[in-house]
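Asks: Quick one, final-v2.tsv (TSV, C-alpha atoms):
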```
chain	number	residue	atom	x	y	z
E	1	MET	CA	130.37	10.17	-51.99
E	2	THR	CA	133.95	9.89	-53.04
E	3	SER	CA	135.31	12.37	-50.57
E	4	TRP	CA	135.72	10.02	-47.59
E	5	LEU	CA	137.27	7.30	-49.70
E	6	LEU	CA	139.73	9.83	-51.07
E	7	LEU	CA	140.33	11.16	-47.60
E	8	ALA	CA	141.05	7.75	-46.23
E	9	THR	CA	143.55	6.89	-48.95
E	10	ALA	CA	145.13	10.30	-48.81
E	11	ASP	CA	145.45	10.09	-45.09
E	12	ALA	CA	146.93	6.65	-45.28
E	13	ALA	CA	149.51	8.00	-47.69
E	14	ASN	CA	150.22	10.93	-45.36
E	15	GLY	CA	150.53	8.69	-42.37
E	16	VAL	CA	153.10	6.50	-44.06
E	17	ALA	CA	155.04	9.55	-45.15
E	18	SER	CA	155.20	11.20	-41.72
E	19	GLY	CA	155.79	8.03	-39.70
E	20	ALA	CA	152.72	8.66	-37.53
E	21	PRO	CA	150.13	5.87	-37.09
E	22	GLU	CA	148.16	5.57	-40.27
E	23	GLY	CA	144.76	5.01	-38.76
E	24	GLY	CA	142.09	2.93	-40.41
E	25	LEU	CA	139.17	0.85	-39.29
E	26	PHE	CA	141.10	-2.09	-37.87
E	27	ASP	CA	143.75	-0.11	-36.07
E	28	LEU	CA	144.46	-2.11	-32.91
E	29	ASP	CA	146.74	-0.37	-30.45
E	30	ALA	CA	147.08	0.50	-26.76
E	31	THR	CA	143.44	1.63	-26.76
E	32	LEU	CA	142.51	-2.03	-26.38
E	33	PRO	CA	144.14	-2.88	-23.03
E	34	LEU	CA	143.30	0.51	-21.59
E	35	MET	CA	139.68	0.10	-22.61
E	36	ALA	CA	139.69	-3.34	-21.01
E	37	VAL	CA	141.04	-1.85	-17.78
E	38	GLN	CA	138.44	0.86	-18.00
E	39	VAL	CA	135.63	-1.68	-18.38
E	40	VAL	CA	136.93	-3.69	-15.42
E	41	LEU	CA	137.11	-0.55	-13.31
E	42	LEU	CA	133.61	0.36	-14.40
E	43	THR	CA	132.50	-3.10	-13.34
E	44	PHE	CA	133.81	-2.53	-9.82
E	45	ILE	CA	132.41	0.98	-9.62
E	46	LEU	CA	128.98	-0.11	-10.86
E	47	ASN	CA	129.05	-3.07	-8.50
E	48	ALA	CA	129.57	-0.75	-5.57
E	49	LEU	CA	127.23	2.01	-6.73
E	50	PHE	CA	124.52	0.12	-8.55
E	51	PHE	CA	124.35	-3.66	-8.38
E	52	ARG	CA	124.86	-4.14	-4.68
E	53	PRO	CA	122.59	-1.38	-3.29
E	54	VAL	CA	119.82	-1.90	-5.83
E	55	GLY	CA	120.08	-5.68	-5.44
E	56	ARG	CA	119.82	-5.36	-1.69
E	57	ALA	CA	116.79	-3.07	-1.99
E	58	VAL	CA	115.04	-5.34	-4.48
E	59	GLU	CA	115.75	-8.52	-2.54
E	60	GLU	CA	114.73	-6.97	0.76
E	61	ARG	CA	111.47	-5.99	-0.82
E	62	GLU	CA	111.03	-9.43	-2.33
E	63	GLY	CA	111.63	-10.95	1.10
E	64	TYR	CA	109.22	-8.48	2.68
E	65	VAL	CA	106.56	-9.26	0.11
E	66	ALA	CA	107.11	-13.01	0.51
E	67	THR	CA	106.83	-12.89	4.31
E	68	SER	CA	103.81	-10.58	4.16
E	69	ARG	CA	102.16	-12.91	1.74
E	70	ALA	CA	102.94	-15.93	3.90
E	71	ASP	CA	101.56	-14.07	6.92
E	72	ALA	CA	98.44	-13.13	5.05
E	73	LYS	CA	97.98	-16.70	3.86
E	74	GLN	CA	98.35	-17.97	7.40
E	75	LYS	CA	95.85	-15.44	8.66
E	76	LEU	CA	93.46	-16.30	5.88
E	77	ALA	CA	93.74	-20.00	6.71
E	78	GLN	CA	93.11	-19.21	10.38
E	79	ALA	CA	90.09	-17.13	9.50
E	80	GLN	CA	88.75	-19.90	7.29
E	81	ARG	CA	89.26	-22.44	10.06
E	82	LEU	CA	87.43	-20.19	12.51
E	83	GLU	CA	84.65	-19.67	10.03
E	84	ALA	CA	84.29	-23.42	9.54
E	85	ASP	CA	84.24	-23.92	13.31
E	86	LEU	CA	81.59	-21.29	13.79
E	87	THR	CA	79.52	-22.68	10.96
E	88	ASP	CA	79.67	-26.09	12.57
E	89	GLN	CA	78.64	-24.63	15.89
E	90	LEU	CA	75.83	-22.75	14.26
E	91	LYS	CA	74.61	-25.91	12.56
E	92	GLU	CA	74.73	-27.83	15.83
E	93	ALA	CA	72.84	-25.06	17.61
E	94	ARG	CA	70.20	-25.05	14.91
E	95	LEU	CA	69.80	-28.82	15.20
E	96	GLU	CA	69.55	-28.49	18.97
E	97	ALA	CA	66.89	-25.81	18.66
E	98	GLN	CA	64.97	-27.91	16.17
E	99	LYS	CA	65.08	-30.87	18.52
E	100	LEU	CA	63.95	-28.74	21.44
E	101	ILE	CA	61.05	-27.35	19.45
E	102	VAL	CA	59.95	-30.83	18.39
E	103	GLU	CA	60.19	-32.05	21.97
E	104	ALA	CA	58.20	-29.12	23.28
E	105	GLU	CA	55.56	-29.66	20.65
E	106	GLN	CA	55.29	-33.32	21.56
E	107	GLU	CA	55.14	-32.44	25.23
E	108	SER	CA	52.37	-29.93	24.78
E	109	ASP	CA	50.52	-32.34	22.53
E	110	LYS	CA	50.73	-35.04	25.20
E	111	LEU	CA	49.58	-32.65	27.90
E	112	TYR	CA	46.71	-31.54	25.72
E	113	ARG	CA	45.68	-35.14	25.07
E	114	GLU	CA	45.91	-36.02	28.75
E	115	ALA	CA	43.90	-33.00	29.76
E	116	LEU	CA	41.37	-33.80	27.09
E	117	ALA	CA	41.06	-37.43	28.28
E	118	VAL	CA	40.65	-36.35	31.89
E	119	ALA	CA	38.02	-33.81	30.97
E	120	GLN	CA	36.15	-36.29	28.81
E	121	ALA	CA	36.20	-38.94	31.55
E	122	GLU	CA	34.98	-36.43	34.07
E	123	SER	CA	32.19	-35.24	31.85
E	124	ILE	CA	31.15	-38.82	31.18
E	125	ALA	CA	31.14	-39.55	34.87
E	126	VAL	CA	29.14	-36.45	35.64
E	127	ARG	CA	26.66	-37.23	32.93
E	128	GLU	CA	26.32	-40.81	34.18
E	129	GLN	CA	25.73	-39.66	37.73
E	130	SER	CA	23.16	-37.10	36.78
E	131	ARG	CA	21.44	-39.64	34.54
E	132	ARG	CA	21.31	-42.05	37.54
E	133	GLU	CA	19.95	-39.32	39.78
E	134	ILE	CA	17.29	-38.45	37.25
E	135	GLU	CA	16.45	-42.12	36.98
E	136	ALA	CA	16.17	-42.47	40.76
E	137	GLU	CA	14.04	-39.37	41.05
E	138	ARG	CA	11.78	-40.60	38.27
E	139	GLU	CA	11.50	-43.99	40.03
E	140	GLN	CA	10.64	-42.21	43.25
E	141	ALA	CA	8.15	-39.95	41.55
E	142	LEU	CA	6.58	-42.87	39.74
E	143	SER	CA	6.26	-44.92	42.92
E	144	ALA	CA	4.85	-41.89	44.74
E	145	LEU	CA	2.36	-41.37	41.92
E	146	GLN	CA	1.44	-45.03	42.02
E	147	GLY	CA	0.82	-44.87	45.80
E	148	GLN	CA	-1.35	-41.79	45.42
E	149	ALA	CA	-3.19	-43.36	42.51
E	150	GLU	CA	-3.88	-46.47	44.61
E	151	ARG	CA	-5.02	-44.32	47.52
E	152	LEU	CA	-7.28	-42.31	45.26
E	153	GLY	CA	-8.57	-45.57	43.74
E	154	THR	CA	-9.43	-47.04	47.11
E	155	LEU	CA	-10.92	-43.74	48.15
E	156	ILE	CA	-13.14	-43.65	45.05
E	157	VAL	CA	-14.04	-47.27	45.57
E	158	ASP	CA	-14.83	-46.65	49.21
E	159	ARG	CA	-17.04	-43.63	48.39
E	160	LEU	CA	-18.87	-45.39	45.61
E	161	LEU	CA	-19.41	-48.48	47.76
E	162	ALA	CA	-20.45	-46.36	50.72
E	163	ALA	CA	-23.02	-44.48	48.61
E	164	GLN	CA	-24.79	-47.57	47.54
N	1	MET	CA	132.91	18.15	-60.14
N	2	VAL	CA	132.22	20.21	-57.05
N	3	PRO	CA	132.90	18.31	-53.82
N	4	LEU	CA	129.62	17.64	-52.11
N	5	HIS	CA	130.75	18.65	-48.68
N	6	LEU	CA	131.25	22.19	-49.91
N	7	THR	CA	127.65	22.52	-51.03
N	8	LEU	CA	126.23	20.62	-48.04
N	9	PRO	CA	127.98	21.73	-44.88
N	10	PHE	CA	125.76	19.59	-42.61
N	11	ALA	CA	127.60	16.35	-42.77
N	12	GLU	CA	130.89	14.96	-43.75
N	13	LEU	CA	132.04	11.42	-43.47
N	14	GLU	CA	135.33	10.28	-42.11
N	15	VAL	CA	136.21	6.65	-41.67
N	16	GLY	CA	139.29	5.34	-39.99
N	17	GLN	CA	140.37	8.78	-38.85
N	18	GLN	CA	141.74	8.70	-35.32
N	19	LEU	CA	142.67	11.40	-32.85
N	20	TYR	CA	145.95	10.03	-31.63
N	21	TRP	CA	147.19	10.50	-28.11
N	22	ASN	CA	150.70	9.33	-27.50
N	23	LEU	CA	151.72	7.76	-24.23
N	24	GLY	CA	155.40	7.04	-24.59
N	25	ASN	CA	155.51	4.70	-27.56
N	26	LEU	CA	151.89	3.81	-27.19
N	27	HIS	CA	149.21	5.26	-29.39
N	28	LEU	CA	145.70	5.77	-28.07
N	29	HIS	CA	142.51	6.65	-29.86
N	30	GLY	CA	141.62	9.83	-28.07
N	31	GLN	CA	138.13	10.21	-29.49
N	32	VAL	CA	137.13	6.78	-28.20
N	33	PHE	CA	138.21	7.61	-24.68
N	34	LEU	CA	136.62	11.06	-24.74
N	35	SER	CA	133.24	9.77	-25.83
N	36	SER	CA	133.43	6.75	-23.50
N	37	TRP	CA	134.16	9.06	-20.56
N	38	ILE	CA	131.16	11.17	-21.46
N	39	VAL	CA	128.78	8.20	-21.64
N	40	ILE	CA	130.28	6.58	-18.53
N	41	GLY	CA	129.86	9.90	-16.75
N	42	ALA	CA	126.20	10.02	-17.80
N	43	LEU	CA	125.68	6.43	-16.68
N	44	LEU	CA	127.33	7.00	-13.31
N	45	ALA	CA	125.39	10.22	-12.79
N	46	LEU	CA	122.12	8.36	-13.41
N	47	VAL	CA	123.14	5.59	-11.04
N	48	VAL	CA	124.22	7.97	-8.29
N	49	VAL	CA	121.05	10.03	-8.58
N	50	GLY	CA	118.91	6.91	-8.55
N	51	THR	CA	120.53	5.22	-5.56
N	52	ARG	CA	120.98	8.30	-3.40
N	53	ARG	CA	117.88	7.64	-1.35
N	54	MET	CA	116.71	4.07	-1.60
N	55	GLU	CA	113.24	3.41	-0.28
N	56	ARG	CA	111.07	0.38	-0.01
N	57	ASP	CA	108.45	2.11	-2.11
N	58	PRO	CA	110.59	3.06	-5.09
N	59	ARG	CA	109.99	6.33	-6.82
N	60	GLY	CA	111.48	8.20	-9.76
N	61	VAL	CA	114.87	7.05	-10.97
N	62	GLN	CA	115.01	4.24	-8.41
N	63	ASN	CA	112.14	2.59	-10.27
N	64	LEU	CA	114.09	2.68	-13.51
N	65	LEU	CA	117.25	1.35	-11.87
N	66	GLU	CA	115.35	-1.47	-10.19
N	67	PHE	CA	113.73	-2.37	-13.47
N	68	VAL	CA	117.16	-2.46	-15.14
N	69	TRP	CA	118.60	-4.50	-12.27
N	70	THR	CA	115.77	-7.03	-12.40
N	71	TYR	CA	116.12	-7.28	-16.18
N	72	ILE	CA	119.85	-7.98	-15.95
N	73	ARG	CA	119.34	-10.36	-13.03
N	74	ASP	CA	116.80	-12.38	-15.01
N	75	LEU	CA	119.10	-12.43	-18.03
N	76	ALA	CA	122.10	-13.60	-16.00
N	77	ARG	CA	120.08	-16.15	-14.03
N	78	GLU	CA	118.56	-17.61	-17.16
N	79	GLN	CA	121.89	-17.94	-18.95
N	80	ILE	CA	124.30	-18.78	-16.11
N	81	GLY	CA	122.03	-20.73	-13.82
N	82	GLU	CA	120.83	-20.32	-10.27
N	83	LYS	CA	124.08	-21.36	-8.60
N	84	ALA	CA	126.71	-19.08	-10.15
N	85	TYR	CA	124.86	-16.10	-11.53
N	86	ARG	CA	125.42	-13.88	-8.50
N	87	ASP	CA	129.18	-13.76	-9.02
N	88	TRP	CA	128.80	-12.70	-12.62
N	89	LEU	CA	125.83	-10.38	-12.38
N	90	PRO	CA	127.95	-7.19	-12.07
N	91	PHE	CA	130.15	-8.11	-15.03
N	92	ILE	CA	127.25	-9.03	-17.33
N	93	GLY	CA	125.32	-5.99	-16.17
N	94	THR	CA	128.27	-3.68	-16.74
N	95	LEU	CA	128.77	-5.05	-20.25
N	96	PHE	CA	125.10	-4.55	-21.02
N	97	LEU	CA	124.89	-1.05	-19.56
N	98	PHE	CA	128.20	0.12	-20.98
N	99	ILE	CA	127.43	-1.11	-24.50
N	100	PHE	CA	123.91	0.21	-24.27
N	101	VAL	CA	124.90	3.72	-23.20
N	102	CYS	CA	127.78	3.73	-25.72
N	103	ASN	CA	125.48	2.77	-28.59
N	104	TRP	CA	122.67	5.12	-27.65
N	105	GLY	CA	125.11	7.85	-26.74
N	106	GLY	CA	126.71	7.48	-30.16
N	107	ALA	CA	123.32	7.82	-31.80
N	108	LEU	CA	121.69	10.46	-29.61
N	109	ILE	CA	124.43	12.90	-28.54
N	110	PRO	CA	125.17	15.50	-31.19
N	111	TRP	CA	128.89	14.80	-31.35
N	112	LYS	CA	129.30	16.88	-34.52
N	113	LEU	CA	129.08	20.04	-32.45
N	114	ILE	CA	132.44	19.22	-30.86
N	115	GLU	CA	135.33	19.79	-33.21
N	116	LEU	CA	138.38	17.60	-32.89
N	117	PRO	CA	141.68	18.23	-34.65
N	118	ASN	CA	141.44	14.84	-36.28
N	119	GLY	CA	138.85	12.09	-36.31
N	120	GLU	CA	135.39	12.55	-34.88
N	121	LEU	CA	133.51	11.61	-31.74
N	122	GLY	CA	130.99	8.81	-31.94
N	123	ALA	CA	129.93	5.62	-30.26
N	124	PRO	CA	132.95	4.10	-28.51
N	125	THR	CA	131.64	0.71	-29.62
N	126	ALA	CA	132.19	1.71	-33.25
N	127	ASP	CA	135.92	1.34	-32.59
N	128	ILE	CA	137.35	-2.14	-32.96
N	129	ASN	CA	139.57	-1.70	-29.89
N	130	THR	CA	136.62	-1.30	-27.56
N	131	THR	CA	134.75	-4.32	-28.82
N	132	VAL	CA	137.83	-6.54	-28.92
N	133	ALA	CA	138.70	-5.45	-25.39
N	134	MET	CA	135.28	-6.46	-24.13
N	135	ALA	CA	135.25	-9.70	-26.11
N	136	LEU	CA	138.63	-10.68	-24.67
N	137	LEU	CA	137.36	-9.85	-21.19
N	138	VAL	CA	134.48	-12.20	-21.83
N	139	SER	CA	136.91	-14.94	-22.92
N	140	LEU	CA	139.02	-14.46	-19.81
N	141	SER	CA	135.89	-14.46	-17.67
N	142	TYR	CA	134.53	-17.72	-18.91
N	143	PHE	CA	137.90	-19.43	-18.59
N	144	TYR	CA	138.21	-18.05	-15.08
N	145	ALA	CA	134.64	-19.03	-14.24
N	146	GLY	CA	135.14	-22.58	-15.47
N	147	LEU	CA	138.55	-23.08	-13.88
N	148	SER	CA	137.63	-21.57	-10.54
N	149	ARG	CA	134.43	-23.57	-10.26
N	150	LYS	CA	135.57	-26.93	-11.58
N	151	GLY	CA	139.37	-26.80	-11.50
N	152	LEU	CA	141.05	-28.84	-14.20
N	153	ARG	CA	137.87	-30.79	-14.69
N	154	TYR	CA	136.82	-27.76	-16.69
N	155	PHE	CA	138.71	-29.23	-19.64
N	156	GLU	CA	136.38	-32.22	-19.68
N	157	TYR	CA	134.05	-29.77	-21.38
N	158	TYR	CA	136.25	-30.01	-24.46
N	159	VAL	CA	135.71	-33.74	-24.89
N	160	GLU	CA	132.04	-33.81	-24.09
N	161	PRO	CA	129.95	-35.48	-25.32
N	162	THR	CA	132.65	-37.18	-27.47
N	163	PRO	CA	136.36	-36.51	-27.99
N	164	ILE	CA	135.58	-35.82	-31.65
N	165	MET	CA	134.34	-32.44	-30.46
N	166	LEU	CA	137.82	-31.44	-29.26
N	167	PRO	CA	139.00	-29.50	-32.34
N	168	PHE	CA	135.66	-27.75	-32.69
N	169	LYS	CA	135.61	-26.71	-29.07
N	170	ILE	CA	139.14	-25.34	-29.40
N	171	ILE	CA	138.17	-23.43	-32.51
N	172	GLU	CA	135.16	-22.12	-30.61
N	173	ASP	CA	137.44	-20.46	-28.09
N	174	PHE	CA	138.76	-18.32	-30.92
N	175	THR	CA	135.53	-17.74	-32.77
N	176	LYS	CA	133.63	-16.65	-29.68
N	177	PRO	CA	135.59	-13.42	-29.05
N	178	LEU	CA	135.98	-12.87	-32.77
N	179	SER	CA	132.27	-13.05	-33.47
N	180	LEU	CA	131.39	-11.08	-30.34
N	181	SER	CA	133.70	-8.20	-31.17
N	182	PHE	CA	133.04	-8.06	-34.90
N	183	ARG	CA	129.28	-8.34	-34.54
N	184	LEU	CA	129.11	-5.36	-32.22
N	185	PHE	CA	131.72	-3.33	-34.06
N	186	GLY	CA	130.19	-4.02	-37.48
N	187	ASN	CA	126.65	-3.27	-36.44
N	188	ILE	CA	127.40	0.00	-34.73
N	189	LEU	CA	129.83	1.22	-37.37
N	190	ALA	CA	127.45	0.24	-40.16
N	191	ASP	CA	124.63	2.04	-38.43
N	192	GLU	CA	126.70	5.19	-38.04
N	193	LEU	CA	127.79	4.98	-41.68
N	194	VAL	CA	124.25	4.49	-42.97
N	195	VAL	CA	122.97	7.44	-40.96
N	196	GLY	CA	126.04	9.44	-42.02
N	197	VAL	CA	125.65	8.66	-45.71
N	198	LEU	CA	121.92	9.37	-45.66
N	199	ALA	CA	122.48	12.63	-43.78
N	200	PHE	CA	125.20	13.47	-46.26
N	201	LEU	CA	122.93	12.92	-49.25
N	202	VAL	CA	119.59	14.21	-47.89
N	203	PRO	CA	120.08	16.06	-44.63
N	204	VAL	CA	116.36	16.30	-43.70
N	205	ILE	CA	113.71	13.71	-42.78
N	206	VAL	CA	115.17	10.85	-44.81
N	207	PRO	CA	117.79	9.71	-42.25
N	208	LEU	CA	115.16	9.56	-39.49
N	209	PRO	CA	113.93	5.99	-40.14
N	210	ALA	CA	117.53	4.82	-40.32
N	211	MET	CA	118.22	6.61	-37.03
N	212	PHE	CA	115.28	4.86	-35.34
N	213	LEU	CA	116.39	1.56	-36.79
N	214	GLY	CA	119.85	2.37	-35.45
N	215	LEU	CA	118.50	2.93	-31.95
N	216	PHE	CA	116.72	-0.39	-32.15
N	217	THR	CA	119.81	-2.24	-33.40
N	218	SER	CA	121.93	-0.56	-30.74
N	219	ALA	CA	119.72	-1.86	-27.95
N	220	ILE	CA	119.54	-5.31	-29.52
N	221	GLN	CA	123.32	-5.46	-29.89
N	222	ALA	CA	123.85	-4.60	-26.24
N	223	LEU	CA	121.38	-7.33	-25.30
N	224	ILE	CA	123.03	-9.85	-27.63
N	225	PHE	CA	126.51	-9.14	-26.32
N	226	ALA	CA	125.44	-9.46	-22.70
N	227	THR	CA	123.34	-12.56	-23.36
N	228	LEU	CA	126.13	-14.32	-25.23
N	229	ALA	CA	128.69	-13.39	-22.58
N	230	ALA	CA	126.41	-14.80	-19.90
N	231	ASN	CA	125.77	-17.86	-22.01
N	232	TYR	CA	129.48	-18.56	-22.46
N	233	ILE	CA	130.05	-18.21	-18.72
N	234	GLY	CA	127.05	-20.42	-18.09
N	235	GLU	CA	128.44	-23.07	-20.43
N	236	ALA	CA	131.75	-22.96	-18.59
N	237	VAL	CA	130.25	-23.38	-15.11
N	238	HIS	CA	127.59	-25.85	-16.18
N	239	GLU	CA	127.85	-29.15	-14.31
N	240	GLU	CA	127.19	-32.25	-16.35
N	241	HIS	CA	125.04	-34.75	-14.53
N	242	HIS	CA	126.26	-38.19	-15.38
```
So that I can check it, write out the structure of this file as structure tokens.
Replies:
Amino acid sequence: MTSWLLLATADAANGVASGAPEGGLFDLDATLPLMAVQVVLLTFILNALFFRPVGRAVEEREGYVATSRADAKQKLAQAQRLEADLTDQLKEARLEAQKLIVEAEQESDKLYREALAVAQAESIAVREQSRREIEAEREQALSALQGQAERLGTLIVDRLLAAQ
Amino acid sequence: MVPLHLTLPFAELEVGQQLYWNLGNLHLHGQVFLSSWIVIGALLALVVVGTRRMERDPRGVQNLLEFVWTYIRDLAREQIGEKAYRDWLPFIGTLFLFIFVCNWGGALIPWKLIELPNGELGAPTADINTTVAMALLVSLSYFYAGLSRKGLRYFEYYVEPTPIMLPFKIIEDFTKPLSLSFRLFGNILADELVVGVLAFLVPVIVPLPAMFLGLFTSAIQALIFATLAANYIGEAVHEEHH
């Protein structure tokens, strides 16, 4: 433990004796300005070799990423707009189809009812006519029967009266 | 009493020992520069490998570098604000990366294998010169940022919200670099010392938790230094809305 303390004091004594710098922890000398110059030089060298090229690369990439992202956003917005448009169109088309179907149904219903009414009227008319014909034939038959019955009656009467 | 480092050759501790390089009359801490060159070399190698072929779909090291860049960008933007952060991103990022690789390099690279005539290699941020240099750079930066953005109106900052704040704001200009540099220096040096002392006493297993804690502190210190630097710059360029 003691050796470095001894060394330091001994060396200090030696230094004073020989006239050379004595050293020590807080020995400021020409190292300071030269080190400052060295750091400044290093700053310029690193600026040329490191900060500028790497900065350019990083910022170019950041710009590239930003523009790509903006592009992608724009495209996404466009796609969404198109999708909304198409959805609207689809909805309209569906409504149209619905309306058409309802119209067609109504149309067919109307046609059906009309056809039904016509058929019913016709059948009623036919029935009426045939009923009238039957009636007329019955009338005719009845009157014919009556005539015959009268003729037979007179014939019977004549025969009976003639026999007496 | 037998000196411990004779019986345990694994670790020795030296504090305040420097490898001096002389440049005319100027003295330099050689070990700091050597280790900083090594970690800077590693950092630059990573960066060069990672940016050699940049692609829009990142792979391998490019991923890591982009993650680091985004992390630093977010840090700078949050602290400095949307308007001015671009100018200061490289500086904040360099501070963060340099401190981070220095701290982790100091903890992870087996410096002990390299023998120096005097002193020892370690994290460059464990030397007060490095941290003071960076702290002073931060001070200069926020003054420059404020003055260049607002001109002399920058000094309105010192009397806002009331002129009573003037002395405190002036003191702040001194305490900011002081606290920045000493916080980093103290944390990294203390971490190295704790690991060193533990390794010196019990060279197996026992220093491991302290080493992991050290890695954690190292990363946190780099983050704190960069965040505070960005915050100071952000304060200086901040526009008051009256």
Asks: Residues at most 12 Å from N:Asn118, counting only C-alpha atoms, excluding those fewer than 2 positions away in the same chain, as a PyMOL selection string?
Replies: (chain E and resi 7+11+23) or (chain N and resi 14-21+29-31+114-116+120-121)
Asks: Between E:Ile156, E:Arg138, E:Phe51, E:Leu42, single out the one closest to N:Arg73, counting only C-alpha atoms.
Replies: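 Between E:Ile156, E:Arg138, E:Phe51, E:Leu42, the residue approaching N:Arg73 most closely is E:Phe51.
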Asks: When you draw a straight line from atom CA of N:Gly122 to atom CA of N:Ile109, how long is it in Å?
Replies: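 If I compute the distance from atom CA of N:Gly122 to atom CA of N:Ile109, I get 8.4 Å.
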Asks: Report as a Markdown table: every residue of chain E with an atom at most 8 Å from chain N, its closest pair of atoms, and their distance in Å to one decimal, counting all atoms listed in the file, with rows sorted by chain and ascending residue number.
Replies:
```
| residue | atom | partner | partner_atom | distance |
| --- | --- | --- | --- | --- |
| E:Met1 | CA | N:Leu4 | CA | 7.5 |
| E:Ser3 | CA | N:Pro3 | CA | 7.2 |
| E:Trp4 | CA | N:Glu14 | CA | 5.5 |
| E:Leu7 | CA | N:Glu14 | CA | 7.5 |
| E:Ala8 | CA | N:Val15 | CA | 6.7 |
| E:Pro21 | CA | N:His27 | CA | 7.8 |
| E:Gly23 | CA | N:Gly16 | CA | 5.6 |
| E:Gly24 | CA | N:Gly16 | CA | 3.7 |
| E:Leu25 | CA | N:Gly16 | CA | 4.5 |
| E:Phe26 | CA | N:Ile128 | CA | 6.2 |
| E:Asp27 | CA | N:Ile128 | CA | 7.4 |
| E:Leu28 | CA | N:Asn129 | CA | 5.8 |
| E:Asp29 | CA | N:His27 | CA | 6.2 |
| E:Ala30 | CA | N:Leu28 | CA | 5.6 |
| E:Thr31 | CA | N:Leu28 | CA | 4.9 |
| E:Leu32 | CA | N:Asn129 | CA | 4.6 |
| E:Pro33 | CA | N:Ala133 | CA | 6.5 |
| E:Met35 | CA | N:Thr130 | CA | 6.0 |
| E:Ala36 | CA | N:Ala133 | CA | 5.0 |
| E:Val39 | CA | N:Met134 | CA | 7.5 |
| E:Leu42 | CA | N:Thr94 | CA | 7.1 |
| E:Thr43 | CA | N:Thr94 | CA | 5.5 |
| E:Phe44 | CA | N:Pro90 | CA | 7.8 |
| E:Leu46 | CA | N:Thr94 | CA | 6.9 |
| E:Asn47 | CA | N:Pro90 | CA | 5.6 |
| E:Leu49 | CA | N:Val48 | CA | 6.9 |
| E:Phe50 | CA | N:Val47 | CA | 6.2 |
| E:Phe51 | CA | N:Pro90 | CA | 6.2 |
| E:Pro53 | CA | N:Thr51 | CA | 7.3 |
| E:Val54 | CA | N:Glu66 | CA | 6.3 |
| E:Gly55 | CA | N:Trp69 | CA | 7.1 |
| E:Ala57 | CA | N:Arg56 | CA | 7.0 |
| E:Val58 | CA | N:Glu66 | CA | 6.9 |
| E:Arg61 | CA | N:Arg56 | CA | 6.4 |
```
Asks: Could you tell me which of N:Leu208, N:Leu147, N:Ile171, N:Leu140 comes closest to N:His238 if we count all atoms listed in the file?
Replies: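 Ranked by minimum distance to N:His238, first place goes to N:Leu147.
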Asks: Residues at most 10 Å from N:Glu192, counting all atoms listed in the file, excluding those fewer than 5 positions away in the same chain, as a ChimeraX atom specification?
Replies: /N:13,103,106-107,122-123,126,186-187,197-198,210-211,214
Asks: Could you rebuild stretch 123-134 of chain E with N, CA and C atoms and give it back as a PDB file, in the coordinates of the input?
Replies:
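Ended up saving to part11.pdb:
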```pdb
ATOM      1  N   SER E 123      33.510 -35.625  32.365  1.00  0.00           N
ATOM      2  CA  SER E 123      32.190 -35.240  31.850  1.00  0.00           C
ATOM      3  C   SER E 123      31.305 -36.473  31.722  1.00  0.00           C
ATOM      4  N   ILE E 124      31.946 -37.601  31.299  1.00  0.00           N
ATOM      5  CA  ILE E 124      31.150 -38.820  31.180  1.00  0.00           C
ATOM      6  C   ILE E 124      30.603 -39.241  32.556  1.00  0.00           C
ATOM      7  N   ALA E 125      31.546 -39.152  33.525  1.00  0.00           N
ATOM      8  CA  ALA E 125      31.140 -39.550  34.870  1.00  0.00           C
ATOM      9  C   ALA E 125      30.003 -38.679  35.387  1.00  0.00           C
ATOM     10  N   VAL E 126      30.154 -37.384  35.185  1.00  0.00           N
ATOM     11  CA  VAL E 126      29.140 -36.450  35.640  1.00  0.00           C
ATOM     12  C   VAL E 126      27.812 -36.750  34.978  1.00  0.00           C
ATOM     13  N   ARG E 127      27.882 -36.985  33.670  1.00  0.00           N
ATOM     14  CA  ARG E 127      26.660 -37.230  32.930  1.00  0.00           C
ATOM     15  C   ARG E 127      25.976 -38.501  33.475  1.00  0.00           C
ATOM     16  N   GLU E 128      26.847 -39.530  33.692  1.00  0.00           N
ATOM     17  CA  GLU E 128      26.320 -40.810  34.180  1.00  0.00           C
ATOM     18  C   GLU E 128      25.596 -40.622  35.528  1.00  0.00           C
ATOM     19  N   GLN E 129      26.285 -39.868  36.380  1.00  0.00           N
ATOM     20  CA  GLN E 129      25.730 -39.660  37.730  1.00  0.00           C
ATOM     21  C   GLN E 129      24.399 -38.932  37.656  1.00  0.00           C
ATOM     22  N   SER E 130      24.390 -37.880  36.850  1.00  0.00           N
ATOM     23  CA  SER E 130      23.160 -37.100  36.780  1.00  0.00           C
ATOM     24  C   SER E 130      22.056 -37.936  36.152  1.00  0.00           C
ATOM     25  N   ARG E 131      22.455 -38.796  35.172  1.00  0.00           N
ATOM     26  CA  ARG E 131      21.440 -39.640  34.540  1.00  0.00           C
ATOM     27  C   ARG E 131      20.847 -40.568  35.624  1.00  0.00           C
ATOM     28  N   ARG E 132      21.791 -41.142  36.484  1.00  0.00           N
ATOM     29  CA  ARG E 132      21.310 -42.050  37.540  1.00  0.00           C
ATOM     30  C   ARG E 132      20.402 -41.305  38.517  1.00  0.00           C
ATOM     31  N   GLU E 133      20.776 -40.097  38.849  1.00  0.00           N
ATOM     32  CA  GLU E 133      19.950 -39.320  39.780  1.00  0.00           C
ATOM     33  C   GLU E 133      18.573 -39.076  39.202  1.00  0.00           C
ATOM     34  N   ILE E 134      18.596 -38.708  37.906  1.00  0.00           N
ATOM     35  CA  ILE E 134      17.290 -38.450  37.250  1.00  0.00           C
ATOM     36  C   ILE E 134      16.445 -39.703  37.295  1.00  0.00           C
TER      37      ILE E 134
END
```
